[in-house]
file input24.txt (compact mmCIF, C-alpha atoms and all ligand atoms)
# COMPACT_ATOMS: atom_id res chain seq x y z
CA MET A 1 0.00 0.00 0.00
CA SER A 2 1.23 3.49 -0.83
CA ILE A 3 1.27 6.43 1.58
CA ALA A 4 -1.54 7.96 -0.50
CA GLU A 5 -3.73 4.87 -0.14
CA ASN A 6 -2.97 4.51 3.57
CA LEU A 7 -3.68 8.15 4.22
CA CYS A 8 -6.96 7.95 2.35
CA GLU A 9 -8.04 4.99 4.50
CA VAL A 10 -6.97 6.68 7.74
CA GLU A 11 -8.80 9.88 6.73
CA LYS A 12 -11.98 7.89 6.07
CA ARG A 13 -11.75 6.16 9.43
CA ILE A 14 -11.06 9.38 11.32
CA ALA A 15 -14.09 10.99 9.68
CA ALA A 16 -16.30 8.00 10.54
CA ALA A 17 -15.14 7.91 14.17
CA ALA A 18 -15.62 11.67 14.47
CA LYS A 19 -19.12 11.37 13.11
CA LYS A 20 -19.93 8.54 15.53
CA SER A 21 -19.00 10.83 18.41
CA GLY A 22 -21.00 13.78 17.09
CA ARG A 23 -18.10 15.69 15.57
CA LYS A 24 -16.64 16.44 12.16
CA ARG A 25 -13.38 15.48 10.49
CA GLU A 26 -12.17 19.08 10.96
CA ASP A 27 -12.53 18.71 14.72
CA ILE A 28 -9.76 16.11 14.81
CA THR A 29 -6.07 16.86 14.21
CA LEU A 30 -4.08 14.10 12.58
CA VAL A 31 -0.45 14.13 13.64
CA ALA A 32 1.37 11.90 11.16
CA VAL A 33 4.20 10.23 13.09
CA THR A 34 7.31 10.09 10.94
CA LYS A 35 9.96 8.73 13.31
CA THR A 36 12.59 6.58 11.53
CA HIS A 37 11.27 7.73 8.14
CA PRO A 38 13.31 9.93 5.79
CA ALA A 39 12.47 13.50 4.82
CA GLU A 40 11.36 12.37 1.33
CA MET A 41 8.57 10.29 2.81
CA MET A 42 7.57 13.18 5.03
CA ASN A 43 7.44 15.54 2.06
CA GLU A 44 5.31 13.03 0.16
CA ALA A 45 2.80 13.03 3.03
CA ILE A 46 2.89 16.84 3.19
CA ASP A 47 2.16 17.00 -0.55
CA LEU A 48 -0.84 14.76 0.12
CA GLY A 49 -2.21 17.26 2.61
CA VAL A 50 -0.64 16.32 5.96
CA THR A 51 -0.29 19.51 8.02
CA ASP A 52 1.10 18.13 11.29
CA ILE A 53 3.94 15.70 11.82
CA GLY A 54 5.17 14.04 14.99
CA GLU A 55 8.66 12.95 15.98
CA ASN A 56 9.58 11.25 19.23
CA LYS A 57 13.28 12.14 19.33
CA PRO A 58 14.75 15.67 19.41
CA GLN A 59 17.68 14.39 17.36
CA GLU A 60 15.43 13.36 14.49
CA VAL A 61 13.75 16.77 14.47
CA ARG A 62 17.18 18.37 14.24
CA ASP A 63 18.46 16.05 11.52
CA LYS A 64 15.45 16.26 9.23
CA TYR A 65 14.17 19.78 9.88
CA GLU A 66 15.90 21.60 7.02
CA PHE A 67 14.91 18.94 4.46
CA VAL A 68 11.21 18.92 5.21
CA LYS A 69 8.66 21.28 3.63
CA PRO A 70 6.89 23.79 5.89
CA VAL A 71 4.65 21.88 8.31
CA LYS A 72 3.79 21.92 12.01
CA TRP A 73 6.19 19.76 14.01
CA HIS A 74 5.10 18.00 17.19
CA LEU A 75 7.52 16.54 19.71
CA ILE A 76 5.65 13.50 21.03
CA GLY A 77 8.33 11.39 22.75
CA HIS A 78 10.07 11.64 26.08
CA LEU A 79 12.06 14.87 26.30
CA GLN A 80 15.14 15.32 28.47
CA THR A 81 15.70 18.83 29.80
CA ASN A 82 19.12 19.08 28.14
CA LYS A 83 17.52 18.48 24.69
CA VAL A 84 14.91 21.23 24.85
CA LYS A 85 17.33 23.71 23.28
CA TYR A 86 17.53 21.64 20.09
CA ILE A 87 13.82 21.74 19.33
CA ILE A 88 12.49 24.91 20.96
CA ASP A 89 12.57 26.97 17.75
CA LYS A 90 11.32 24.13 15.53
CA VAL A 91 8.23 22.55 17.07
CA SER A 92 4.71 23.94 17.49
CA LEU A 93 3.59 21.66 20.30
CA ILE A 94 5.40 19.52 22.86
CA HIS A 95 3.12 16.62 23.89
CA SER A 96 5.32 14.99 26.50
CA VAL A 97 5.75 17.38 29.42
CA ASP A 98 5.78 15.37 32.62
CA SER A 99 7.67 17.40 35.22
CA ILE A 100 8.01 20.88 36.64
CA LYS A 101 11.72 20.74 35.87
CA LEU A 102 10.99 20.18 32.16
CA MET A 103 8.38 22.93 32.15
CA ASP A 104 10.92 25.33 33.67
CA GLU A 105 13.52 24.49 31.05
CA ILE A 106 10.97 25.02 28.26
CA GLU A 107 10.14 28.38 29.86
CA ARG A 108 13.83 29.31 29.96
CA GLN A 109 14.51 28.34 26.33
CA ALA A 110 11.26 29.89 25.05
CA GLN A 111 12.12 33.14 26.77
CA LYS A 112 15.56 33.09 25.18
CA HIS A 113 13.96 32.74 21.74
CA HIS A 114 11.20 35.28 22.48
CA ILE A 115 8.44 32.78 21.81
CA ILE A 116 5.58 31.18 23.70
CA MET A 117 5.67 27.39 23.59
CA ASP A 118 2.46 25.37 23.61
CA ILE A 119 2.64 22.15 25.58
CA LEU A 120 0.51 19.19 26.60
CA ILE A 121 0.87 17.41 29.91
CA GLN A 122 1.53 13.70 29.45
CA VAL A 123 -0.49 11.57 31.84
CA ASN A 124 0.29 7.94 32.61
CA ILE A 125 -3.36 7.02 32.85
CA SER A 126 -2.89 3.24 32.87
CA GLY A 127 -0.27 3.31 35.62
CA GLU A 128 2.02 1.00 33.62
CA GLU A 129 5.48 1.24 35.09
CA SER A 130 7.22 1.42 31.72
CA LYS A 131 5.28 4.53 30.66
CA SER A 132 6.35 8.10 31.19
CA GLY A 133 3.84 10.71 32.23
CA ILE A 134 2.56 12.05 35.50
CA ARG A 135 0.04 10.38 37.77
CA PRO A 136 -3.43 11.95 37.42
CA GLU A 137 -3.18 13.22 41.02
CA GLU A 138 -0.15 15.33 40.07
CA LEU A 139 -1.95 17.23 37.32
CA ASN A 140 -3.17 20.18 39.38
CA LEU A 141 0.31 20.82 40.69
CA LEU A 142 1.71 21.08 37.17
CA LEU A 143 -1.17 23.24 35.96
CA SER A 144 -0.80 25.72 38.80
CA HIS A 145 2.93 25.84 38.15
CA ALA A 146 2.22 26.78 34.52
CA GLY A 147 0.32 29.78 35.88
CA LYS A 148 3.61 31.22 37.10
CA LEU A 149 5.31 31.05 33.70
CA ASN A 150 5.27 33.62 30.90
CA HIS A 151 6.49 31.63 27.90
CA VAL A 152 4.64 28.34 28.29
CA LYS A 153 0.97 27.66 27.63
CA VAL A 154 -0.70 24.37 28.50
CA LYS A 155 -3.06 23.41 25.69
CA GLY A 156 -4.27 20.04 26.88
CA LEU A 157 -3.38 16.49 27.80
CA MET A 158 -1.68 13.56 26.13
CA THR A 159 -1.47 9.87 26.94
CA ILE A 160 0.05 6.74 25.47
CA ALA A 161 -2.33 3.86 26.06
CA PRO A 162 -1.02 0.31 26.56
CA LYS A 163 -0.16 -1.60 23.42
CA THR A 164 -2.94 -4.03 22.62
CA ASP A 165 -4.39 -6.02 19.75
CA ASN A 166 -7.84 -5.24 21.02
CA PRO A 167 -8.49 -1.48 21.07
CA GLU A 168 -11.59 -2.02 23.22
CA GLU A 169 -9.27 -2.85 26.10
CA ASN A 170 -8.16 0.79 26.09
CA ILE A 171 -11.66 2.25 26.37
CA LEU A 172 -11.34 2.44 30.14
CA HIS A 173 -8.08 4.44 29.88
CA PHE A 174 -9.43 6.73 27.14
CA ASP A 175 -12.59 7.36 29.16
CA ASN A 176 -10.52 8.20 32.23
CA MET A 177 -8.44 10.65 30.18
CA ARG A 178 -11.55 12.27 28.78
CA GLN A 179 -12.91 12.67 32.31
CA LEU A 180 -9.66 14.23 33.51
CA PHE A 181 -9.70 16.55 30.49
CA VAL A 182 -13.30 17.63 31.15
CA ASP A 183 -12.72 18.07 34.89
CA THR A 184 -9.61 20.21 34.41
CA SER A 185 -11.35 22.27 31.70
CA LYS A 186 -13.70 23.50 34.43
CA ASN A 187 -10.91 24.94 36.58
CA ILE A 188 -9.69 28.33 35.53
CA CYS A 189 -5.91 28.38 35.64
CA ASP A 190 -3.61 31.04 34.18
CA ASN A 191 -1.86 29.86 31.01
CA VAL A 192 -4.03 26.76 30.76
CA SER A 193 -6.67 26.13 28.12
CA MET A 194 -7.81 22.57 27.65
CA GLN A 195 -7.98 22.49 23.87
CA TYR A 196 -6.32 19.25 22.84
CA LEU A 197 -6.75 15.71 24.03
CA SER A 198 -3.96 13.79 22.29
CA MET A 199 -4.57 10.05 22.40
CA GLY A 200 -4.89 7.18 19.93
CA MET A 201 -2.25 5.58 17.70
CA SER A 202 -2.42 3.26 14.67
CA GLY A 203 -3.93 0.39 16.65
CA ASP A 204 -6.60 2.28 18.53
CA TYR A 205 -7.22 5.75 17.08
CA GLU A 206 -10.84 5.15 16.13
CA THR A 207 -11.63 4.02 19.67
CA ALA A 208 -9.74 7.00 21.07
CA ILE A 209 -11.72 9.43 18.90
CA GLU A 210 -14.99 7.79 19.91
CA CYS A 211 -13.91 8.34 23.53
CA GLY A 212 -13.23 12.04 22.93
CA ALA A 213 -9.71 12.42 21.49
CA ASN A 214 -9.35 15.41 19.17
CA MET A 215 -5.71 14.81 18.29
CA VAL A 216 -4.43 11.41 17.14
CA ARG A 217 -0.81 10.38 16.54
CA ILE A 218 -0.61 7.89 13.71
CA GLY A 219 2.58 6.37 12.33
CA SER A 220 2.54 2.85 10.93
CA ALA A 221 -1.03 3.02 9.58
CA VAL A 222 0.17 5.79 7.25
CA PHE A 223 3.84 5.00 6.61
CA GLY A 224 3.97 1.24 7.13
CA ALA A 225 6.17 -0.66 9.57
CA ARG A 226 9.22 1.11 10.95
CA ASP A 227 12.75 -0.15 10.39
CA TYR A 228 14.77 0.90 13.43
CA SER A 229 18.01 -0.48 12.00
CA LYS A 230 18.26 2.44 9.56
CA ILE A 231 18.62 5.19 12.14
C1 LIG A 301 5.53 6.07 17.53
C2 LIG A 301 4.53 6.84 18.29
C3 LIG A 301 3.20 6.94 17.85
C4 LIG A 301 2.67 6.29 16.59
O1 LIG A 301 2.71 4.90 16.68
P1 LIG A 301 1.99 3.97 15.59
O2 LIG A 301 1.56 2.79 16.37
O3 LIG A 301 2.98 3.66 14.55
O4 LIG A 301 0.83 4.73 15.05
C5 LIG A 301 2.32 7.72 18.61
N1 LIG A 301 2.72 8.35 19.73
C6 LIG A 301 3.99 8.26 20.20
C7 LIG A 301 4.36 8.97 21.46
C8 LIG A 301 4.93 7.50 19.50
O5 LIG A 301 6.19 7.43 19.95

call {"tool": "encode", "arguments": {"input": "input24.txt", "output": "C-alpha cells"}}
result
Amino acid sequence: MSIAENLCEVEKRIAAAAKKSGRKREDITLVAVTKTHPAEMMNEAIDLGVTDIGENKPQEVRDKYEFVKPVKWHLIGHLQTNKVKYIIDKVSLIHSVDSIKLMDEIERQAQKHHIIMDILIQVNISGEESKSGIRPEELNLLLSHAGKLNHVKVKGLMTIAPKTDNPEENILHFDNMRQLFVDTSKNICDNVSMQYLSMGMSGDYETAIECGANMVRIGSAVFGARDYSKI
C-alpha cells in the first residue's frame, strides 16, 4: 500500500469515528508520526495534505528539519531537559511534558527565543510502570505551576495507552483521560486552556476518537512498519 492509499483509508476512518461521536473530520487533528522515516517520505505526506507531523526524538527533528517542507512539528516522545534547546525553535507543540523541571527548562529556552511554547501534559493514565507521564493526582500541581510562567501555555493532555491487539481494552483508559480533560477544563488556571486531548495511535485511534480524542498520533497506519536499523 502506498502512503496515499494509507492516508486515504486513515482519513476515512477518522471521519467515521468523528461522526460517531457527534463531531466532524475538521474537529480532529491528525499528527502523522514520521519517526525513523526519511524527509522524502515526510514531504510526500505533506504534498498529500498532511499539516502536522510528529517525531519522538529531538535528534530526528534536528536532523530532518531543514529537508522537510513547511509543516507543524510535534515533539511527542520523552524529552530530556538538556535536549529542549535543540527543538524549541522548531516545534509547534510539545506533547510529552511530565515534570516541573521540564516545564521550567521550556520556559527558559522559550524566553531566550522570544516565543511562547504550547505544551501538553503527558499523563500515565494506565499506571504501567514502563510509561512516562505524570500520575493523574499530580496534574493540578503542574497546571498551577504553569500559571507562574510567561512563555509556556498548556493546551491540553496527552497519553500513550497500553499496546494491545484489542483497542476495546483501552476504552477504560481513554474514558478516564476524557474525564480528567473535562474536569480540568472547568478549573480556571492562568496559562491553561484545555484544547487538545492527544490520544490514539495506529492500533486504537478510532476508539480514542470515539472516547473524545481530538488529536491522534498515527505512524505505521500511514507510513507502514518502521525499520529501526536504519537510524
Ligand atoms: C511512535 C509513536 C506513535 C505512533 O505509533 P503507531 O503505532 O505507529 O501509530 C504515537 N505516539 C507516540 C508517542 C509514538 O512514539

call {"tool": "residues_around", "arguments": {"input": "input24.txt", "residues": "A:Leu102", "least_positions_apart": "3", "cutoff": "10 Å", "atoms": "only C-alpha atoms", "output": "PyMOL selection string"}}
result
chain A and resi 79-82+84+96-99+105-108

call {"tool": "residues_around", "arguments": {"input": "input24.txt", "residues": "A:Ala225", "least_positions_apart": "2", "cutoff": "12 Å", "atoms": "all atoms listed in the file", "output": "number ranges by chain"}}
result
A: 1, 3, 33-37, 202, 218-223, 227-228

call {"tool": "atom_distance", "arguments": {"input": "input24.txt", "atom1": "atom CA of A:Ile171", "atom2": "atom CA of A:Gly203"}}
result
12.6 Å

call {"tool": "residues_around", "arguments": {"input": "input24.txt", "residues": "A:Gly212", "least_positions_apart": "5", "cutoff": "8 Å", "atoms": "all atoms listed in the file", "output": "PDB file with C-alpha atoms, in the coordinates of the input"}}
result
ATOM      1  CA  SER A  21     -19.000  10.830  18.410  1.00  0.00           C
ATOM      2  CA  PHE A 174      -9.430   6.730  27.140  1.00  0.00           C
ATOM      3  CA  ASP A 175     -12.590   7.360  29.160  1.00  0.00           C
ATOM      4  CA  ARG A 178     -11.550  12.270  28.780  1.00  0.00           C
ATOM      5  CA  LEU A 197      -6.750  15.710  24.030  1.00  0.00           C
TER       6      LEU A 197
END

call {"tool": "residues_around", "arguments": {"input": "input24.txt", "residues": "A:Thr51", "least_positions_apart": "3", "cutoff": "8 Å", "atoms": "only C-alpha atoms", "output": "PDB file with C-alpha atoms, keeping the file's coordinate frame"}}
result
ATOM      1  CA  VAL A  31      -0.450  14.130  13.640  1.00  0.00           C
ATOM      2  CA  ILE A  46       2.890  16.840   3.190  1.00  0.00           C
ATOM      3  CA  VAL A  71       4.650  21.880   8.310  1.00  0.00           C
ATOM      4  CA  LYS A  72       3.790  21.920  12.010  1.00  0.00           C
TER       5      LYS A  72
END

call {"tool": "closest_residue", "arguments": {"input": "input24.txt", "among": "A:Ile14, A:Met158, A:Ala146, A:Ile87", "to": "ligand LIG 301 (chain A)", "atoms": "only C-alpha atoms and all ligand atoms"}}
result
A:Met158

call {"tool": "closest_residue", "arguments": {"input": "input24.txt", "among": "A:Leu172, A:Leu75, A:Ala16, A:Leu7", "to": "A:Glu44", "atoms": "all atoms listed in the file"}}
result
A:Leu7

call {"tool": "atom_distance", "arguments": {"input": "input24.txt", "atom1": "atom CA of A:Pro167", "atom2": "atom CA of A:Thr207"}}
result
6.5 Å

call {"tool": "closest_residue", "arguments": {"input": "input24.txt", "among": "A:Gly147, A:Pro136, A:Pro58, A:Gly49", "to": "A:Asp190", "atoms": "all atoms listed in the file"}}
result
A:Gly147

call {"tool": "axis_aligned_box", "arguments": {"input": "input24.txt", "around": "stretch 121-135 of chain A", "padding_each_side": "6 Å", "output": "lines of an AutoDock Vina configuration file"}}
result
center_x = 1.9
center_y = 9.2
center_z = 33.6
size_x = 22.6
size_y = 28.4
size_z = 20.3

call {"tool": "closest_residue", "arguments": {"input": "input24.txt", "among": "A:Gly127, A:Pro70, A:Gly77, A:Gly156", "to": "ligand LIG 301 (chain A)", "atoms": "all atoms listed in the file"}}
result
A:Gly77

call {"tool": "atom_distance", "arguments": {"input": "input24.txt", "atom1": "atom P1 of ligand LIG 301 (chain A)", "atom2": "atom CA of A:Asp104"}}
result
29.4 Å

call {"tool": "decode", "arguments": {"input": "input24.txt", "residues": "stretch 94-114 of chain A", "atoms": "N, CA, C and O atoms", "output": "PDB file, in the first residue's frame"}}
result
ATOM      1  N   ILE A  94       4.689  20.597  22.163  1.00  0.00           N
ATOM      2  CA  ILE A  94       5.397  19.516  22.858  1.00  0.00           C
ATOM      3  C   ILE A  94       4.353  18.722  23.646  1.00  0.00           C
ATOM      4  O   ILE A  94       3.697  19.275  24.527  1.00  0.00           O
ATOM      5  N   HIS A  95       4.188  17.435  23.281  1.00  0.00           N
ATOM      6  CA  HIS A  95       3.115  16.623  23.888  1.00  0.00           C
ATOM      7  C   HIS A  95       3.521  15.979  25.213  1.00  0.00           C
ATOM      8  O   HIS A  95       2.672  15.425  25.895  1.00  0.00           O
ATOM      9  N   SER A  96       4.816  15.946  25.509  1.00  0.00           N
ATOM     10  CA  SER A  96       5.319  14.993  26.496  1.00  0.00           C
ATOM     11  C   SER A  96       5.880  15.645  27.761  1.00  0.00           C
ATOM     12  O   SER A  96       6.859  15.170  28.312  1.00  0.00           O
ATOM     13  N   VAL A  97       5.240  16.710  28.217  1.00  0.00           N
ATOM     14  CA  VAL A  97       5.747  17.382  29.416  1.00  0.00           C
ATOM     15  C   VAL A  97       5.236  16.646  30.662  1.00  0.00           C
ATOM     16  O   VAL A  97       4.034  16.453  30.830  1.00  0.00           O
ATOM     17  N   ASP A  98       6.172  16.207  31.475  1.00  0.00           N
ATOM     18  CA  ASP A  98       5.781  15.366  32.619  1.00  0.00           C
ATOM     19  C   ASP A  98       6.511  15.734  33.908  1.00  0.00           C
ATOM     20  O   ASP A  98       6.583  14.916  34.827  1.00  0.00           O
ATOM     21  N   SER A  99       7.070  16.959  33.956  1.00  0.00           N
ATOM     22  CA  SER A  99       7.668  17.397  35.219  1.00  0.00           C
ATOM     23  C   SER A  99       7.773  18.920  35.247  1.00  0.00           C
ATOM     24  O   SER A  99       7.778  19.580  34.197  1.00  0.00           O
ATOM     25  N   ILE A 100       7.850  19.437  36.458  1.00  0.00           N
ATOM     26  CA  ILE A 100       8.015  20.878  36.638  1.00  0.00           C
ATOM     27  C   ILE A 100       9.385  21.308  36.119  1.00  0.00           C
ATOM     28  O   ILE A 100       9.538  22.359  35.502  1.00  0.00           O
ATOM     29  N   LYS A 101      10.367  20.447  36.322  1.00  0.00           N
ATOM     30  CA  LYS A 101      11.720  20.738  35.867  1.00  0.00           C
ATOM     31  C   LYS A 101      11.753  20.940  34.339  1.00  0.00           C
ATOM     32  O   LYS A 101      12.374  21.878  33.828  1.00  0.00           O
ATOM     33  N   LEU A 102      11.042  20.066  33.627  1.00  0.00           N
ATOM     34  CA  LEU A 102      10.987  20.177  32.162  1.00  0.00           C
ATOM     35  C   LEU A 102      10.233  21.446  31.749  1.00  0.00           C
ATOM     36  O   LEU A 102      10.644  22.163  30.830  1.00  0.00           O
ATOM     37  N   MET A 103       9.141  21.712  32.442  1.00  0.00           N
ATOM     38  CA  MET A 103       8.382  22.932  32.148  1.00  0.00           C
ATOM     39  C   MET A 103       9.263  24.177  32.323  1.00  0.00           C
ATOM     40  O   MET A 103       9.230  25.095  31.510  1.00  0.00           O
ATOM     41  N   ASP A 104      10.044  24.182  33.393  1.00  0.00           N
ATOM     42  CA  ASP A 104      10.917  25.329  33.674  1.00  0.00           C
ATOM     43  C   ASP A 104      11.989  25.500  32.601  1.00  0.00           C
ATOM     44  O   ASP A 104      12.332  26.617  32.230  1.00  0.00           O
ATOM     45  N   GLU A 105      12.505  24.407  32.102  1.00  0.00           N
ATOM     46  CA  GLU A 105      13.523  24.490  31.047  1.00  0.00           C
ATOM     47  C   GLU A 105      12.895  24.970  29.735  1.00  0.00           C
ATOM     48  O   GLU A 105      13.504  25.750  28.998  1.00  0.00           O
ATOM     49  N   ILE A 106      11.682  24.531  29.460  1.00  0.00           N
ATOM     50  CA  ILE A 106      10.975  25.018  28.265  1.00  0.00           C
ATOM     51  C   ILE A 106      10.734  26.524  28.408  1.00  0.00           C
ATOM     52  O   ILE A 106      10.941  27.291  27.462  1.00  0.00           O
ATOM     53  N   GLU A 107      10.336  26.949  29.586  1.00  0.00           N
ATOM     54  CA  GLU A 107      10.142  28.384  29.863  1.00  0.00           C
ATOM     55  C   GLU A 107      11.437  29.165  29.580  1.00  0.00           C
ATOM     56  O   GLU A 107      11.435  30.192  28.915  1.00  0.00           O
ATOM     57  N   ARG A 108      12.535  28.633  30.084  1.00  0.00           N
ATOM     58  CA  ARG A 108      13.834  29.309  29.958  1.00  0.00           C
ATOM     59  C   ARG A 108      14.247  29.436  28.483  1.00  0.00           C
ATOM     60  O   ARG A 108      14.644  30.501  28.016  1.00  0.00           O
ATOM     61  N   GLN A 109      14.106  28.345  27.751  1.00  0.00           N
ATOM     62  CA  GLN A 109      14.505  28.343  26.332  1.00  0.00           C
ATOM     63  C   GLN A 109      13.540  29.179  25.489  1.00  0.00           C
ATOM     64  O   GLN A 109      13.961  29.848  24.549  1.00  0.00           O
ATOM     65  N   ALA A 110      12.252  29.118  25.814  1.00  0.00           N
ATOM     66  CA  ALA A 110      11.261  29.886  25.049  1.00  0.00           C
ATOM     67  C   ALA A 110      11.505  31.386  25.250  1.00  0.00           C
ATOM     68  O   ALA A 110      11.412  32.171  24.302  1.00  0.00           O
ATOM     69  N   GLN A 111      11.832  31.742  26.470  1.00  0.00           N
ATOM     70  CA  GLN A 111      12.120  33.144  26.775  1.00  0.00           C
ATOM     71  C   GLN A 111      13.326  33.632  25.960  1.00  0.00           C
ATOM     72  O   GLN A 111      13.316  34.701  25.366  1.00  0.00           O
ATOM     73  N   LYS A 112      14.336  32.776  25.920  1.00  0.00           N
ATOM     74  CA  LYS A 112      15.555  33.092  25.183  1.00  0.00           C
ATOM     75  C   LYS A 112      15.266  33.363  23.703  1.00  0.00           C
ATOM     76  O   LYS A 112      15.886  34.203  23.065  1.00  0.00           O
ATOM     77  N   HIS A 113      14.305  32.608  23.155  1.00  0.00           N
ATOM     78  CA  HIS A 113      13.957  32.740  21.736  1.00  0.00           C
ATOM     79  C   HIS A 113      12.780  33.692  21.509  1.00  0.00           C
ATOM     80  O   HIS A 113      12.268  33.773  20.391  1.00  0.00           O
ATOM     81  N   HIS A 114      12.326  34.340  22.565  1.00  0.00           N
ATOM     82  CA  HIS A 114      11.196  35.277  22.482  1.00  0.00           C
ATOM     83  C   HIS A 114       9.960  34.636  21.868  1.00  0.00           C
ATOM     84  O   HIS A 114       9.310  35.212  20.992  1.00  0.00           O
TER      85      HIS A 114
END
